[in-house]
Structures are given as structure tokens and as C-alpha cells.
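What follows is one structure encoded as C-alpha cells, with my remarks underneath.
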Amino acid sequence: MKNEQLVLTPGNIHYLPNNIPGLLNDLKQAGLISAAIGDLPSYHFNTGANFSSLISFLGCNPSIPESGKPGGLSVTFEFYNSGARFMGGKNVSSPRCLNCKHQFSDWQQLLKQWQDNNNTRITCPDCSHETLVTGLNWRYRAAFASCAIVINEISEGTALPADELLKILKNFSGCDWFYFYRQV
Ligand SMILES: [Zn+2]
């Protein structure tokens with residue numbers, strides 16, 4: 001087990017599908033996922049027949065771990081009724097100001113302030129740009145969301161969602177989707 005993941009989240013941090021079976025069905029039809037592993041509602045699935053078209057593996061000779069084996073590829077869904085949350089894992093690095101790239105090394109404190117009050121705005125000490133902690137550049141290592149699609153056993157930078165998958169997700173949800181890499 002690598003304990004590394006490619007995580008897809010909607011750009012609208014409050015978006016939560018009101019029709020979860022519909023989303024799962026669309027992704028089954030598209031071939032991202034196949035049979036469930038364990039009981040629903042663990043939302044854990046083997047990869048589907050079209051997985052390697054929907055997730056692009058990078059490099060000239062990528063080794064794609066097999067699905068359906070311990071340590072193999074699988075897909076997990078996370079849904080949080082309690083609202084948007086920080087989705088980062090062990091590999092979070094200091095986020096940057098979108099305007100001047102200032103690094104916020106005190107991000108854990110900023111995160112705590114946001115968790116206490118979602119409207120807390122922060123001001124960049126270098127350029128005075130004002131934003132929410134959710135609006136910083138988390139450099140593909142974290143995101144804020146109310147749901148996520150997690151591809152298990154993907155190392156950082158080795159794969160990303162193909163346009164076809166992003167299109168399916170946008171059609172379903174009405175918003176753009178993004179990705180990051182997480183260590184758990
Ligand atoms: Zn700045």
C-alpha cells in the first residue's frame with residue numbers, strides 16, 4: 001500500500017450530489033468504477049473497464065497497478081453532509097497567495113480560524129491581497145470540498161483525470177472539478 005491518492009473535488013466547495021446513486025451509475029456506465037468492494041455505504045469500488053481512458057497515467061512507460069488485489073487501484077467516494085471541509089492529508093505544503101506567491105507557512109493556524117468561522121478573511125502580508133483560506137493556491141496538495149472522488153494507490157504526479165472524466169463530472173454537477181494528491 002502506498003497510501004497515496006489522486007483526489008477529485010468540485011470547484012464549488014459546497015457541492016454535494018443530491019442523487020448519489022445517479023452519480024455512481026453515471027461513473028459505472030462510463031467505466032470508471034465497477035463492482036463495489038464491501039458493503040455500501042462504504043462507497044468503495046474496483047476500477048471499471050474504461051478506467052485507463054478516464055485517468056491519464058503520465059510518463060512513457062507507466063506501471064498501472066491492477067485493480068481487485070490488495071494494494072491495487074480502487075475508487076472511494078466521500079460525502080460530507082456537515083459542509084465543506086479541508087481535504088488535505090499528510091503531504092500538505094504551505095499554500096501560496098494567488099496574487100504574489102507569498103507562502104503562508106502558518107497555514108495550520110489559518111485553517112483553524114476558518115474552521116471556527118468560515119468567513120474569516122486573510123490578508124497577504126506581502127501584497128495585501130485579501131482572500132479566504134479556501135482561495136489560496138494549495139499547489140495540488142489540498143482542497144476544500146463537501147465531497148470527493150478518491151483514486152487509491154496513485155503517487156503524486158503520476159496520473160491525472162482525463163478531460164472526458166472532468167466533462168462527465170461537470171455535466172452531472174454543473175461545476176468544474178479539480179484534483180490534488182493526498183498522502184493518508
Ligand atoms: Zn500576496
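The chains in the C-alpha cells are called A, B, ... from first to last as shown; in each chain the residues are counted from 1, and the ligands are counted from 1 in the order shown.
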Identify, counting only C-alpha atoms and all ligand atoms, the protein, DNA and RNA residues located within 12 Å of ligand 1, and give them as a list in words.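 After applying the 12 Å limit, what remains is Pro95, Arg96, Cys97, Leu98, Asn99, Cys100, Lys101, His102, Gln103, Phe104, Ile122, Thr123, Cys124, Pro125, Asp126, Cys127, Ser128, His129, Glu130, Thr131, Gly135, Leu136 and Asn137 of chain A.
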Dump as a JSON list (two decimals), in the first residue's frame, selection limited to N, CA and C atoms:
```
[["chain", "number", "residue", "atom", "x", "y", "z"],
["A", 95, "PRO", "N", 0.45, 26.86, 1.46],
["A", 95, "PRO", "CA", -0.25, 27.43, 0.30],
["A", 95, "PRO", "C", 0.33, 28.79, -0.05],
["A", 96, "ARG", "N", 0.05, 29.23, -1.28],
["A", 96, "ARG", "CA", 0.60, 30.50, -1.75],
["A", 96, "ARG", "C", -0.52, 31.50, -2.03],
["A", 97, "CYS", "N", -0.16, 32.77, -1.93],
["A", 97, "CYS", "CA", -1.04, 33.85, -2.35],
["A", 97, "CYS", "C", -1.20, 33.76, -3.87],
["A", 98, "LEU", "N", -2.45, 33.88, -4.34],
["A", 98, "LEU", "CA", -2.69, 33.79, -5.79],
["A", 98, "LEU", "C", -2.10, 34.98, -6.53],
["A", 99, "ASN", "N", -1.95, 36.06, -5.82],
["A", 99, "ASN", "CA", -1.51, 37.30, -6.45],
["A", 99, "ASN", "C", 0.01, 37.42, -6.52],
["A", 100, "CYS", "N", 0.71, 37.10, -5.40],
["A", 100, "CYS", "CA", 2.17, 37.36, -5.36],
["A", 100, "CYS", "C", 2.98, 36.13, -4.99],
["A", 101, "LYS", "N", 2.33, 34.99, -4.76],
["A", 101, "LYS", "CA", 3.01, 33.73, -4.44],
["A", 101, "LYS", "C", 3.63, 33.70, -3.03],
["A", 102, "HIS", "N", 3.29, 34.67, -2.19],
["A", 102, "HIS", "CA", 3.74, 34.59, -0.80],
["A", 102, "HIS", "C", 3.34, 33.24, -0.22],
["A", 103, "GLN", "N", 4.27, 32.62, 0.53],
["A", 103, "GLN", "CA", 3.96, 31.33, 1.16],
["A", 103, "GLN", "C", 3.44, 31.53, 2.57],
["A", 104, "PHE", "N", 2.28, 30.96, 2.83],
["A", 104, "PHE", "CA", 1.70, 31.05, 4.17],
["A", 104, "PHE", "C", 2.15, 29.83, 4.98],
["A", 122, "ILE", "N", -8.27, 36.54, 5.13],
["A", 122, "ILE", "CA", -6.86, 36.73, 5.46],
["A", 122, "ILE", "C", -6.26, 37.73, 4.47],
["A", 123, "THR", "N", -5.29, 38.47, 4.96],
["A", 123, "THR", "CA", -4.64, 39.49, 4.13],
["A", 123, "THR", "C", -3.20, 39.08, 3.91],
["A", 124, "CYS", "N", -2.77, 39.06, 2.68],
["A", 124, "CYS", "CA", -1.39, 38.69, 2.37],
["A", 124, "CYS", "C", -0.44, 39.74, 2.94],
["A", 125, "PRO", "N", 0.57, 39.34, 3.75],
["A", 125, "PRO", "CA", 1.49, 40.32, 4.33],
["A", 125, "PRO", "C", 2.38, 40.98, 3.28],
["A", 126, "ASP", "N", 2.53, 40.37, 2.11],
["A", 126, "ASP", "CA", 3.40, 40.93, 1.09],
["A", 126, "ASP", "C", 2.68, 41.89, 0.14],
["A", 127, "CYS", "N", 1.45, 41.51, -0.30],
["A", 127, "CYS", "CA", 0.81, 42.33, -1.34],
["A", 127, "CYS", "C", -0.56, 42.85, -0.92],
["A", 128, "SER", "N", -0.99, 42.53, 0.31],
["A", 128, "SER", "CA", -2.27, 43.00, 0.87],
["A", 128, "SER", "C", -3.49, 42.41, 0.17],
["A", 129, "HIS", "N", -3.30, 41.43, -0.71],
["A", 129, "HIS", "CA", -4.43, 40.75, -1.35],
["A", 129, "HIS", "C", -5.25, 40.06, -0.26],
["A", 130, "GLU", "N", -6.57, 40.24, -0.35],
["A", 130, "GLU", "CA", -7.46, 39.67, 0.66],
["A", 130, "GLU", "C", -8.19, 38.46, 0.10],
["A", 131, "THR", "N", -8.27, 37.40, 0.88],
["A", 131, "THR", "CA", -8.95, 36.19, 0.40],
["A", 131, "THR", "C", -9.40, 35.33, 1.58],
["A", 135, "GLY", "N", -9.37, 30.17, -0.83],
["A", 135, "GLY", "CA", -9.00, 30.79, -2.10],
["A", 135, "GLY", "C", -7.49, 30.85, -2.34],
["A", 136, "LEU", "N", -6.70, 30.27, -1.42],
["A", 136, "LEU", "CA", -5.25, 30.25, -1.63],
["A", 136, "LEU", "C", -4.89, 29.16, -2.64],
["A", 137, "ASN", "N", -3.68, 29.23, -3.15],
["A", 137, "ASN", "CA", -3.19, 28.19, -4.06],
["A", 137, "ASN", "C", -2.57, 27.07, -3.23]]
```
What lies within 7 Å of segment 81-85 of chain A using only C-alpha atoms, ignoring chain neighbours under 5 positions off, as a ChimeraX atom specification? /A:13-14,144-146
Tell me, as a PyMOL selection string, which residues lie within 10 Å of Asn118 of chain A, counting only C-alpha atoms; anything in the same chain fewer than 2 positions away does not count. chain A and resi 84+111-116+120-121+132-134
Write the residues you've just listed into a file as a tab-separated table (two decimals), in the first residue's frame, and include N, CA and C atoms for each of them.
```
chain	number	residue	atom	x	y	z
A	84	ALA	N	-18.56	22.00	3.76
A	84	ALA	CA	-17.21	21.96	3.18
A	84	ALA	C	-16.17	21.76	4.27
A	111	LEU	N	-6.11	27.75	8.94
A	111	LEU	CA	-7.14	26.72	8.77
A	111	LEU	C	-8.04	26.65	9.99
A	112	LYS	N	-7.42	26.74	11.15
A	112	LYS	CA	-8.19	26.69	12.39
A	112	LYS	C	-9.14	27.88	12.49
A	113	GLN	N	-8.64	29.06	12.10
A	113	GLN	CA	-9.50	30.25	12.11
A	113	GLN	C	-10.70	30.05	11.17
A	114	TRP	N	-10.44	29.44	10.01
A	114	TRP	CA	-11.52	29.19	9.04
A	114	TRP	C	-12.51	28.18	9.60
A	115	GLN	N	-11.99	27.17	10.32
A	115	GLN	CA	-12.89	26.17	10.89
A	115	GLN	C	-13.77	26.78	11.98
A	116	ASP	N	-13.22	27.78	12.69
A	116	ASP	CA	-14.01	28.48	13.71
A	116	ASP	C	-15.01	29.43	13.07
A	120	THR	N	-13.80	34.05	7.83
A	120	THR	CA	-12.57	34.75	8.19
A	120	THR	C	-11.74	35.03	6.94
A	121	ARG	N	-11.44	36.29	6.72
A	121	ARG	CA	-10.62	36.66	5.56
A	121	ARG	C	-9.19	36.87	6.02
A	132	LEU	N	-10.16	34.31	1.27
A	132	LEU	CA	-10.47	33.27	2.24
A	132	LEU	C	-9.37	32.21	2.14
A	133	VAL	N	-9.20	31.43	3.18
A	133	VAL	CA	-8.16	30.39	3.14
A	133	VAL	C	-8.46	29.38	2.02
A	134	THR	N	-9.74	29.25	1.68
A	134	THR	CA	-10.14	28.35	0.59
A	134	THR	C	-9.69	28.88	-0.77
```
Name all residues at most 6 Å from segment 35-45 of chain A (count only C-alpha atoms; drop same-chain ones fewer than 5 positions away) and give them as a ChimeraX atom specification. /A:74-77
Counting only C-alpha atoms, the residue of A:Ile149, A:Leu27, A:Ile33, A:Ile55 that sits nearest Leu8 of chain A: A:Ile149
Could you state the separation of atom CA of Val150 of chain A and atom CA of Thr9 of chain A in Å, given to one decimal place? 8.8 Å
As JSON, numbers by chain, list the residues of segment 66-135 of chain A assigned to strand (DSSP E or B) by DSSP on the backbone atoms of this structure. {"A": [67, 73, 74, 75, 76, 77, 78, 79, 85, 86, 96, 103, 121, 122, 123, 130, 131, 132]}
Which distance in Å separates atom CA of Trp138 of chain A and atom CA of Phe180 of chain A, to one decimal?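 Separation between atom CA of Trp138 of chain A and atom CA of Phe180 of chain A: 8.8 Å.
Computed from the coordinates, the atom CA of Ala142 of chain A to atom CA of Gly88 of chain A distance equals 4.3 Å.
Each of A:Ala159, A:Lys28, A:Arg141, A:Pro10 was checked against Lys90 of chain A using only C-alpha atoms; the smallest atom-to-atom distance is that of A:Arg141.
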Report as a count of residues only: the residues of chain A with a DSSP assignment of helix (DSSP H, G or I), based on the backbone of this structure. 39
Surrounding residues of Leu6 of chain A excluding itself and chain neighbours under 6 positions, 7 Å, only C-alpha atoms, as a PyMOL selection string: chain A and resi 150-152+154+179-182
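Shortest atom-to-atom contact with Pro161 of chain A among A:Thr47, A:Ser53, A:Asn19, A:Ser34: A:Ser53, counting only C-alpha atoms.
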